[in-house]
Amino acid sequence: MIKFGPSGNDEKFYEQGHKSSKEVFEWLKGMGLDLYEYSFGRGILLKDETAVEFSKLAKINGIEISVHAPYFINLANPDQNQITKSYDYITDSIKKLLLMNGKMCVVHLGSCMKMDRGEALKNIKYNLEKYMDIFDEYFSKHNIFFCPETMGKFQQIGTYKEIVDLCVLHKSLIPTFDFGHINCILQGKLNKEEYKRIIDYLFDNLGEFKAKKLHIHFSKIAFSEKGEVKHLTLDDAMYGPEFEPLAQLLIDYKMDEVTIISESKNVMAQDALKLKNIYSNILNKNK
Ligand SMILES: [Zn+2]
């Protein structure tokens, strides 16, 4: 069975009087959810002791933790000092992930800045390979996966093909497909056929083992001609993508190990549950 959960804390969690994230694991279990993604997007402020406490509470409640590395990481940057900073962000994210007993670290690889796309990609490839060698011990010893994400703005590196092609570089690289982002890049055209093309590309280039461990971010996202504008909720009627065709493909391709994180605005846990229900309904109809 596929696992579902939110990125961060739902507004309902706070409305019900909860104040600390330490309470979120029991709350998510109560909702029938399975995952929790902790975002270091704006910095790594989580204390080691708290991370260890999270790990215990998550285990008791059967919740799996993943982390999102800081947004400041840019492995395309030609400035070596900046690369060293990115390296520290990655190391620190992975250390916290280990303390929380998690397995997946999501990362935005970088953006083109003033370079052309080919040059930016070359830098990312170089830095990624270098880090993978350094991190090899973490990965081999602790079974950690580093999960580069598909991005929603044209300026950023991370089309689904770029991400899949980069994930070929090392056994510990597994893609994060953010289908909201992919839909922004496709300017709203992510339909059943496109979903299939993307999943086929994943299987053809990374093989079954990695494809079936795919990490997914799902939310509806508003876009402009430059790409992503803002995250919405599943109730939004203007923008996509729709989850149903993806759910059907995940069933058809027997991808029952994938992990799906809702990044909806404010209602991420409520929407994660909606995604789980859509998936379960389609699964039951297929039986
Ligand atoms: Zn992200």
# chains A, B, ... in the order shown; residues from 1 in each chain; ligands from 1

$ residues_near_ligand --ligand "ligand 1" --cutoff "9 Å" --atoms "only C-alpha atoms and all ligand atoms" --output "count of residues only"
16

$ residues_around --residues "Lys212 in chain A" --least-positions-apart "3" --cutoff "9 Å" --atoms "only C-alpha atoms" --output "ChimeraX atom specification"
/A:203,207-209,215,253-258

$ atom_distance --atom1 "CA of Phe243 in chain A" --atom2 "CA of Ile278 in chain A"
7.9 Å

$ residues_around --residues "Val229 in chain A" --least-positions-apart "4" --cutoff "10 Å" --atoms "only C-alpha atoms" --output "compact mmCIF listing (two decimals) with N, CA and C atoms, in the first residue's frame"
# COMPACT_ATOMS: atom_id res chain seq x y z
N GLY A 152 9.39 23.84 -10.77
CA GLY A 152 8.23 24.45 -11.44
C GLY A 152 8.50 25.70 -12.24
N LYS A 153 9.75 26.26 -12.12
CA LYS A 153 10.06 27.47 -12.90
C LYS A 153 11.06 27.11 -13.99
N HIS A 181 4.67 20.86 -9.97
CA HIS A 181 5.73 21.56 -10.70
C HIS A 181 5.76 21.13 -12.16
N CYS A 184 3.24 22.85 -14.10
CA CYS A 184 3.58 24.26 -14.39
C CYS A 184 4.46 24.34 -15.62
N ILE A 221 -0.98 23.76 -8.37
CA ILE A 221 -0.12 24.96 -8.31
C ILE A 221 -0.51 25.92 -9.43
N ALA A 222 -0.69 27.20 -9.07
CA ALA A 222 -0.96 28.23 -10.09
C ALA A 222 0.33 28.54 -10.84
N PHE A 223 0.22 28.82 -12.13
CA PHE A 223 1.43 29.10 -12.91
C PHE A 223 1.21 30.27 -13.87
N SER A 224 2.33 30.84 -14.32
CA SER A 224 2.30 31.87 -15.37
C SER A 224 3.20 31.37 -16.50
N GLU A 225 3.50 32.24 -17.45
CA GLU A 225 4.37 31.80 -18.56
C GLU A 225 5.80 31.55 -18.07

$ closest_atom_pairs --of "range 10-83 of chain A" --to "range 118-134 of chain A" --cutoff "10 Å" --atoms "only C-alpha atoms" --output "Markdown table"
| residue | atom | partner | partner_atom | distance |
| --- | --- | --- | --- | --- |
| A:Asn74 | CA | A:Ile124 | CA | 8.1 |
| A:Leu75 | CA | A:Ile124 | CA | 4.9 |
| A:Ala76 | CA | A:Ile124 | CA | 4.8 |
| A:Asn77 | CA | A:Asn123 | CA | 7.2 |
| A:Pro78 | CA | A:Asn123 | CA | 7.2 |
| A:Ile83 | CA | A:Asn127 | CA | 8.1 |

$ write_last_selection --atoms "C-alpha atoms" --output "CSV table (one decimal), in the first residue's frame"
chain,number,residue,atom,x,y,z
A,74,ASN,CA,22.5,25.6,-5.7
A,75,LEU,CA,24.9,22.9,-7.1
A,76,ALA,CA,25.1,24.9,-10.4
A,77,ASN,CA,26.9,27.8,-8.9
A,78,PRO,CA,30.3,28.3,-10.4
A,83,ILE,CA,29.2,25.2,-3.3

$ closest_residue --among "A:Met268, A:Ala247, A:Ile65, A:Ile94" --to "Ile282 in chain A" --atoms "only C-alpha atoms"
A:Ala247

$ residues_around --residues "Phe4 in chain A" --least-positions-apart "2" --cutoff "7 Å" --atoms "only C-alpha atoms" --output "PyMOL selection string"
chain A and resi 2+33-35+259-261+272+276

$ write_last_selection --atoms "N, CA and C atoms" --output "PDB file, in the first residue's frame"
ATOM      1  N   ILE A   2       0.537   2.184  -0.877  1.00  0.00           N
ATOM      2  CA  ILE A   2       1.257   3.454  -0.961  1.00  0.00           C
ATOM      3  C   ILE A   2       1.043   4.275   0.312  1.00  0.00           C
ATOM      4  N   LEU A  33      -2.924   8.730   8.399  1.00  0.00           N
ATOM      5  CA  LEU A  33      -1.811   9.028   7.479  1.00  0.00           C
ATOM      6  C   LEU A  33      -0.530   8.310   7.910  1.00  0.00           C
ATOM      7  N   ASP A  34       0.473   8.326   7.010  1.00  0.00           N
ATOM      8  CA  ASP A  34       1.648   7.465   7.201  1.00  0.00           C
ATOM      9  C   ASP A  34       2.993   8.192   7.171  1.00  0.00           C
ATOM     10  N   LEU A  35       3.011   9.406   6.631  1.00  0.00           N
ATOM     11  CA  LEU A  35       4.287  10.097   6.397  1.00  0.00           C
ATOM     12  C   LEU A  35       4.253  11.515   6.956  1.00  0.00           C
ATOM     13  N   THR A 259       6.063   6.975  -2.068  1.00  0.00           N
ATOM     14  CA  THR A 259       5.635   7.803  -0.935  1.00  0.00           C
ATOM     15  C   THR A 259       5.107   9.121  -1.508  1.00  0.00           C
ATOM     16  N   ILE A 260       3.931   9.543  -1.039  1.00  0.00           N
ATOM     17  CA  ILE A 260       3.285  10.725  -1.614  1.00  0.00           C
ATOM     18  C   ILE A 260       3.057  11.792  -0.552  1.00  0.00           C
ATOM     19  N   ILE A 261       3.668  12.945  -0.774  1.00  0.00           N
ATOM     20  CA  ILE A 261       3.572  14.070   0.168  1.00  0.00           C
ATOM     21  C   ILE A 261       2.695  15.167  -0.430  1.00  0.00           C
ATOM     22  N   ALA A 272      -3.697  15.351   1.954  1.00  0.00           N
ATOM     23  CA  ALA A 272      -3.009  14.052   1.867  1.00  0.00           C
ATOM     24  C   ALA A 272      -4.030  12.931   2.067  1.00  0.00           C
ATOM     25  N   LYS A 276      -5.173   9.965  -0.436  1.00  0.00           N
ATOM     26  CA  LYS A 276      -5.181   8.562  -0.014  1.00  0.00           C
ATOM     27  C   LYS A 276      -6.543   7.918  -0.305  1.00  0.00           C
TER      28      LYS A 276
END

$ select_by_dssp --residues "range 88-275 of chain A" --states "alpha helix (DSSP H)" --output "PyMOL selection string"
chain A and resi 88-99+117-142+160-167+179-185+192-211+244-252+268-275

$ closest_residue --among "A:Asn281, A:Cys105, A:Met100, A:Ile44" --to "Asp88 in chain A" --atoms "only C-alpha atoms"
A:Ile44

$ residues_around --residues "Lys171 in chain A" --least-positions-apart "5" --cutoff "9 Å" --atoms "only C-alpha atoms" --output "list in words"
Phe139, Phe145 and Lys210 of chain A

$ atom_distance --atom1 "CA of Ser140 in chain A" --atom2 "CA of Asn101 in chain A"
14.8 Å

$ residues_around --residues "Lys103 in chain A" --least-positions-apart "5" --cutoff "8 Å" --atoms "only C-alpha atoms" --output "PyMOL selection string"
chain A and resi 65-66+97-98+142-145

$ closest_residue --among "A:Ser20, A:Asn191, A:Asn183, A:Asn286" --to "Asp252 in chain A" --atoms "only C-alpha atoms"
A:Asn286

$ atom_distance --atom1 "CA of Lys19 in chain A" --atom2 "CA of Ser264 in chain A"
20.1 Å

$ closest_residue --among "A:Lys161, A:Arg197, A:Lys56, A:Lys96" --to "Phe40 in chain A" --atoms "only C-alpha atoms"
A:Lys96

$ closest_residue --among "A:Leu202, A:Gln155, A:Met238, A:Ser262" --to "Met115 in chain A" --atoms "only C-alpha atoms"
A:Gln155

$ residues_around --residues "Val164 in chain A" --least-positions-apart "4" --cutoff "7 Å" --atoms "only C-alpha atoms" --output "list in words"
Tyr160, Val168, Pro175 and Leu202 of chain A

$ select_by_dssp --residues "range 80-157 of chain A" --states "strand (DSSP E or B)" --output "PyMOL selection string"
chain A and resi 104-107+111+145-149+153+156
